[in-house]
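Participant: For reference, this is run17.pdb, and it has PDB, C-alpha atoms.
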```pdb
MODEL        1
ATOM      1  CA  MET A   1      41.425 133.573 141.078
ATOM      2  CA  PRO A   2      40.427 136.455 138.798
ATOM      3  CA  THR A   3      37.998 139.013 140.119
ATOM      4  CA  LYS A   4      34.943 140.194 138.243
ATOM      5  CA  SER A   5      34.682 143.817 137.292
ATOM      6  CA  ASN A   6      31.405 145.473 136.410
ATOM      7  CA  ASN A   7      33.086 147.572 133.753
ATOM      8  CA  VAL A   8      34.576 144.766 131.668
ATOM      9  CA  GLY A   9      32.936 144.415 128.294
ATOM     10  CA  GLY A  10      30.137 146.873 129.088
ATOM     11  CA  ARG A  11      28.179 144.245 130.986
ATOM     12  CA  GLY A  12      27.882 145.934 134.351
ATOM     13  CA  GLY A  13      25.386 148.381 135.686
ATOM     14  CA  ALA A  14      21.701 148.425 136.289
ATOM     15  CA  ARG A  15      19.511 146.462 133.928
ATOM     16  CA  ALA A  16      16.586 148.077 132.183
ATOM     17  CA  GLY A  17      13.459 147.603 134.278
ATOM     18  CA  ALA A  18      15.428 146.379 137.285
ATOM     19  CA  GLY A  19      14.685 147.604 140.757
ATOM     20  CA  ARG A  20      11.577 148.695 142.552
ATOM     21  CA  LYS A  21       8.909 150.195 140.341
ATOM     22  CA  LYS A  22       7.880 153.789 140.916
ATOM     23  CA  LYS A  23       4.737 154.397 142.905
ATOM     24  CA  ALA A  24       1.709 155.451 140.870
ATOM     25  CA  VAL A  25       0.866 159.160 140.947
ATOM     26  CA  ILE A  26      -2.720 158.418 141.976
ATOM     27  CA  ASP A  27      -1.377 156.412 144.936
ATOM     28  CA  LYS A  28       0.932 159.266 145.921
ATOM     29  CA  ILE A  29      -2.014 161.680 145.881
ATOM     30  CA  THR A  30      -4.224 159.461 148.028
ATOM     31  CA  ASP A  31      -1.342 158.539 150.366
ATOM     32  CA  LYS A  32      -1.445 160.505 153.612
ATOM     33  CA  SER A  33       2.351 160.708 154.016
ATOM     34  CA  ASN A  34       4.078 164.068 154.140
ATOM     35  CA  GLN A  35       6.163 163.517 151.039
ATOM     36  CA  PRO A  36       5.753 166.433 148.647
ATOM     37  CA  ILE A  37       4.398 165.641 145.211
ATOM     38  CA  GLU A  38       6.074 167.386 142.315
ATOM     39  CA  VAL A  39       3.381 168.662 139.981
ATOM     40  CA  LEU A  40       4.441 170.004 136.634
ATOM     41  CA  ASP A  41       2.547 172.978 135.307
ATOM     42  CA  ILE A  42       1.575 171.627 131.910
ATOM     43  CA  PRO A  43      -1.221 173.556 130.227
ATOM     44  CA  GLU A  44      -4.284 171.501 129.379
ATOM     45  CA  VAL A  45      -4.464 170.946 125.655
ATOM     46  CA  ASP A  46      -7.906 170.270 124.270
ATOM     47  CA  GLY A  47      -8.666 168.994 120.838
ATOM     48  CA  VAL A  48      -5.489 166.955 120.401
ATOM     49  CA  GLU A  49      -6.144 164.698 117.462
ATOM     50  CA  MET A  50      -4.883 161.162 117.296
ATOM     51  CA  PRO A  51      -1.641 160.989 115.316
ATOM     52  CA  LYS A  52      -2.354 159.317 111.991
ATOM     53  CA  PRO A  53      -1.302 155.671 112.178
ATOM     54  CA  LYS A  54       1.349 154.669 109.671
ATOM     55  CA  ASP A  55       0.026 152.931 106.550
ATOM     56  CA  ILE A  56       1.876 149.731 107.398
ATOM     57  CA  LEU A  57      -0.457 149.240 110.367
ATOM     58  CA  SER A  58      -3.367 148.624 107.992
ATOM     59  CA  ALA A  59      -1.586 147.003 105.045
ATOM     60  CA  THR A  60      -3.286 144.107 103.313
ATOM     61  CA  GLN A  61      -1.489 140.894 104.173
ATOM     62  CA  ARG A  62      -0.236 138.281 101.736
ATOM     63  CA  ASP A  63      -3.257 136.059 102.423
ATOM     64  CA  GLY A  64      -5.597 138.957 101.573
ATOM     65  CA  LYS A  65      -6.698 139.599 105.147
ATOM     66  CA  SER A  66      -6.431 143.060 106.627
ATOM     67  CA  PHE A  67      -3.845 143.710 109.313
ATOM     68  CA  MET A  68      -5.512 144.726 112.581
ATOM     69  CA  ALA A  69      -2.611 146.781 113.985
ATOM     70  CA  LYS A  70      -4.337 150.056 113.046
ATOM     71  CA  GLU A  71      -7.415 149.063 115.057
ATOM     72  CA  ILE A  72      -5.259 148.159 118.075
ATOM     73  CA  TYR A  73      -3.365 151.456 117.722
ATOM     74  CA  GLU A  74      -6.599 153.471 117.635
ATOM     75  CA  GLU A  75      -8.121 151.650 120.625
ATOM     76  CA  THR A  76      -4.961 152.133 122.665
ATOM     77  CA  TRP A  77      -4.762 155.828 121.790
ATOM     78  CA  GLU A  78      -8.455 156.344 122.654
ATOM     79  CA  TRP A  79      -7.916 154.640 126.031
ATOM     80  CA  LEU A  80      -4.909 156.861 126.713
ATOM     81  CA  LYS A  81      -6.952 159.931 125.739
ATOM     82  CA  LYS A  82      -9.801 158.855 128.018
ATOM     83  CA  ILE A  83      -7.484 158.705 131.024
ATOM     84  CA  GLY A  84      -5.571 161.847 130.005
ATOM     85  CA  CYS A  85      -2.223 160.275 129.150
ATOM     86  CA  HIS A  86      -2.312 160.550 125.359
ATOM     87  CA  THR A  87       0.257 163.352 125.386
ATOM     88  CA  VAL A  88       2.873 161.519 127.483
ATOM     89  CA  VAL A  89       3.049 158.247 125.532
ATOM     90  CA  SER A  90       4.938 158.417 122.269
ATOM     91  CA  PRO A  91       3.000 157.350 119.159
ATOM     92  CA  GLN A  92       5.971 155.173 118.218
ATOM     93  CA  VAL A  93       5.546 153.157 121.432
ATOM     94  CA  ILE A  94       1.853 152.685 120.648
ATOM     95  CA  GLU A  95       2.703 151.649 117.072
ATOM     96  CA  ARG A  96       5.263 149.129 118.305
ATOM     97  CA  TYR A  97       2.704 147.641 120.707
ATOM     98  CA  ALA A  98       0.005 147.514 118.020
ATOM     99  CA  MET A  99       2.343 145.891 115.508
ATOM    100  CA  CYS A 100       3.516 143.171 117.896
ATOM    101  CA  ALA A 101       0.009 142.485 119.186
ATOM    102  CA  ALA A 102      -1.406 142.212 115.662
ATOM    103  CA  ARG A 103       1.422 139.904 114.566
ATOM    104  CA  TRP A 104       0.783 137.703 117.613
ATOM    105  CA  ILE A 105      -2.896 137.419 116.678
ATOM    106  CA  GLN A 106      -1.889 136.665 113.087
ATOM    107  CA  CYS A 107       0.401 133.826 114.241
ATOM    108  CA  GLU A 108      -2.384 132.423 116.406
ATOM    109  CA  GLN A 109      -4.722 132.491 113.405
ATOM    110  CA  MET A 110      -2.149 130.605 111.319
ATOM    111  CA  THR A 111      -1.698 128.030 114.076
ATOM    112  CA  ASN A 112      -5.479 127.555 114.157
ATOM    113  CA  GLU A 113      -5.646 127.168 110.373
ATOM    114  CA  LEU A 114      -2.625 124.924 109.880
ATOM    115  CA  GLY A 115      -2.467 123.081 113.187
ATOM    116  CA  PHE A 116       0.297 122.568 115.718
ATOM    117  CA  LEU A 117       2.437 120.330 113.506
ATOM    118  CA  SER A 118       4.322 120.977 110.297
ATOM    119  CA  LYS A 119       6.305 118.817 107.910
ATOM    120  CA  HIS A 120      10.101 119.038 108.072
ATOM    121  CA  PRO A 121      11.346 120.368 104.702
ATOM    122  CA  THR A 122      13.996 117.665 104.160
ATOM    123  CA  THR A 123      12.943 114.636 106.199
ATOM    124  CA  GLY A 124       9.197 115.054 105.863
ATOM    125  CA  LYS A 125       8.738 114.098 109.506
ATOM    126  CA  PRO A 126       6.366 116.047 111.773
ATOM    127  CA  ILE A 127       7.822 119.020 113.630
ATOM    128  CA  PRO A 128       6.195 121.754 115.747
ATOM    129  CA  SER A 129       4.685 124.531 113.664
ATOM    130  CA  PRO A 130       7.059 127.497 113.342
ATOM    131  CA  PHE A 131       4.091 129.820 113.926
ATOM    132  CA  ILE A 132       4.004 128.721 117.562
ATOM    133  CA  ASN A 133       7.488 130.054 118.373
ATOM    134  CA  ILE A 134       7.043 133.120 116.193
ATOM    135  CA  GLY A 135       3.756 133.832 117.991
ATOM    136  CA  ILE A 136       5.374 133.425 121.400
ATOM    137  CA  ASN A 137       8.085 135.923 120.423
ATOM    138  CA  TYR A 138       5.519 138.471 119.234
ATOM    139  CA  MET A 139       3.419 137.920 122.350
ATOM    140  CA  ASN A 140       6.453 138.589 124.569
ATOM    141  CA  GLN A 141       7.295 141.739 122.602
ATOM    142  CA  ALA A 142       3.688 142.926 122.872
ATOM    143  CA  VAL A 143       3.680 142.336 126.629
ATOM    144  CA  ARG A 144       6.952 144.269 127.040
ATOM    145  CA  SER A 145       5.591 147.151 124.947
ATOM    146  CA  TRP A 146       2.344 147.146 126.914
ATOM    147  CA  ASN A 147       4.267 147.184 130.204
ATOM    148  CA  GLU A 148       6.203 150.205 128.935
ATOM    149  CA  ILE A 149       2.946 152.016 128.110
ATOM    150  CA  TYR A 150       1.357 151.002 131.403
ATOM    151  CA  GLN A 151       4.380 152.165 133.413
ATOM    152  CA  ILE A 152       4.172 155.600 131.729
ATOM    153  CA  VAL A 153       0.456 155.732 132.563
ATOM    154  CA  LYS A 154       1.115 154.674 136.135
ATOM    155  CA  GLU A 155       3.757 157.371 136.602
ATOM    156  CA  ASN A 156       1.717 160.179 135.013
ATOM    157  CA  CYS A 157      -2.012 159.494 135.362
ATOM    158  CA  THR A 158      -3.924 161.365 138.064
ATOM    159  CA  VAL A 159      -7.266 159.604 137.481
ATOM    160  CA  ASP A 160      -8.295 156.015 138.068
ATOM    161  CA  TYR A 161      -7.004 153.959 135.133
ATOM    162  CA  SER A 162      -8.009 150.545 136.425
ATOM    163  CA  GLY A 163     -10.655 148.549 134.658
ATOM    164  CA  LYS A 164     -10.916 147.563 131.025
ATOM    165  CA  ASN A 165      -7.919 148.509 128.885
ATOM    166  CA  PRO A 166      -6.664 147.669 125.383
ATOM    167  CA  GLN A 167      -4.542 144.777 126.665
ATOM    168  CA  ASP A 168      -7.757 143.134 127.883
ATOM    169  CA  ASP A 169      -9.348 143.791 124.486
ATOM    170  CA  LEU A 170      -6.464 141.986 122.802
ATOM    171  CA  MET A 171      -7.699 138.624 124.052
ATOM    172  CA  GLU A 172     -11.187 139.490 122.783
ATOM    173  CA  LYS A 173      -9.702 140.197 119.348
ATOM    174  CA  LEU A 174      -7.914 136.871 119.377
ATOM    175  CA  LEU A 175     -11.076 134.997 120.330
ATOM    176  CA  ALA A 176     -13.141 136.918 117.776
ATOM    177  CA  SER A 177     -10.634 136.112 115.040
ATOM    178  CA  ARG A 178     -11.002 132.433 115.858
ATOM    179  CA  ARG A 179     -14.775 132.701 115.437
ATOM    180  CA  GLY A 180     -14.311 134.555 112.137
ATOM    181  CA  ILE A 181     -15.991 137.743 113.347
TER
ENDMDL
END
```
Would you write out, as structure tokens, the structure that this file holds?
Facilitator:
Amino acid sequence: MPTKSNNVGGRGGARAGAGRKKKAVIDKITDKSNQPIEVLDIPEVDGVEMPKPKDILSATQRDGKSFMAKEIYEETWEWLKKIGCHTVVSPQVIERYAMCAARWIQCEQMTNELGFLSKHPTTGKPIPSPFINIGINYMNQAVRSWNEIYQIVKENCTVDYSGKNPQDDLMEKLLASRRGI
């Protein structure tokens, strides 16, 4: 019987995101254990402006509607600035989150407009709308990107970051888009 090796085909090793998550910095500070906390001496930088969002985040879509990724990007950056983590999260990560979240909302809008069923191109029989699966994929990507941002915040934020955040606002955007606001 052949034995499995972790080095065959590059499939072995730890998986990304596997294992126990790191404890939040704020929890380490409030914890009464004797474990030393490593504090980096990073000078406080005031007046850091939000990096300009790429033009693609606000491009006009084929149907003439505006793409709301820029708005999501700005809200996320403002939230990060409010809690003091705007310098530790890469703008590219925020852009990726905003893009996926906006595409998810766009797919949900199309599902609302066109319905859950589509016509098969060759047979003409009803099939599930392709926007449903596309939307699910974008939603999963947005969640993964948000978890990446949130993990960075958790590991670096020294103030309370609980409460309303841009991920919560995403559902509001989706509901508002359904009402046509």
Participant: What gap, in Å, lies between CA of Pro51 (chain A) and CA of Val88 (chain A)?
Facilitator: 13.0 Å
Participant: Have a look at A:Ala102, A:Ile94, A:Cys85, A:Ala176 and name the one nearest to Gly135 (chain A); count all atoms listed in the file.
Facilitator: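 Looking only at the distances to Gly135 (chain A), the closest residue turns out to be A:Ala102.
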Participant: Write out as a list of chain:residue names the residues lying within 7 Å of region 108-113 of chain A, counting all atoms listed in the file and excluding same-chain residues fewer than 3 positions away.
Facilitator: A:Trp104, A:Ile105, A:Phe116, A:Phe131, A:Ile132, A:Gly135, A:Arg178
Participant: On this structure, the PyMOL selection byres ((chain A and resi 50) around 8) would catch which residues? List them as a tab-separated table (two decimals) with C-alpha atoms, in the frame of the given file, sorted by chain and number.
Facilitator:
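Below is the file part.tsv, written as the result:
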```
chain	number	residue	atom	x	y	z
A	48	VAL	CA	-5.49	166.96	120.40
A	49	GLU	CA	-6.14	164.70	117.46
A	51	PRO	CA	-1.64	160.99	115.32
A	52	LYS	CA	-2.35	159.32	111.99
A	74	GLU	CA	-6.60	153.47	117.64
A	77	TRP	CA	-4.76	155.83	121.79
```
Participant: Counting all atoms listed in the file, what is within 12 Å of His86 (chain A), bar same-chain residues fewer than 3 positions away, as a ChimeraX atom specification?
Facilitator: /A:44-51,73-83,89-91,93-94,149-150,152-153,156-157
Participant: Within 10 Å of Ser145 (chain A), counting only C-alpha atoms, which residues show up once you throw out same-chain ones fewer than 6 positions away? Write them as a count of residues only, please.
Facilitator: 10
Participant: Which value, in Å to one decimal, gives the distance between CA of Gly163 (chain A) and CA of Trp146 (chain A)?
Facilitator: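 Spanning CA of Gly163 (chain A) to CA of Trp146 (chain A) is a straight-line distance of 15.2 Å.
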Participant: Using all atoms listed in the file, which residues sit within 12 Å of Ser66 (chain A) once same-chain residues fewer than 3 positions away are excluded, as a list in words?
Facilitator: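 My list of contacting residues is Asp55, Ile56, Leu57, Ser58, Ala59, Thr60, Gln61, Arg62, Asp63, Ala69, Lys70, Glu71, Ala102, Arg103, Gln106 and Ser177 of chain A.
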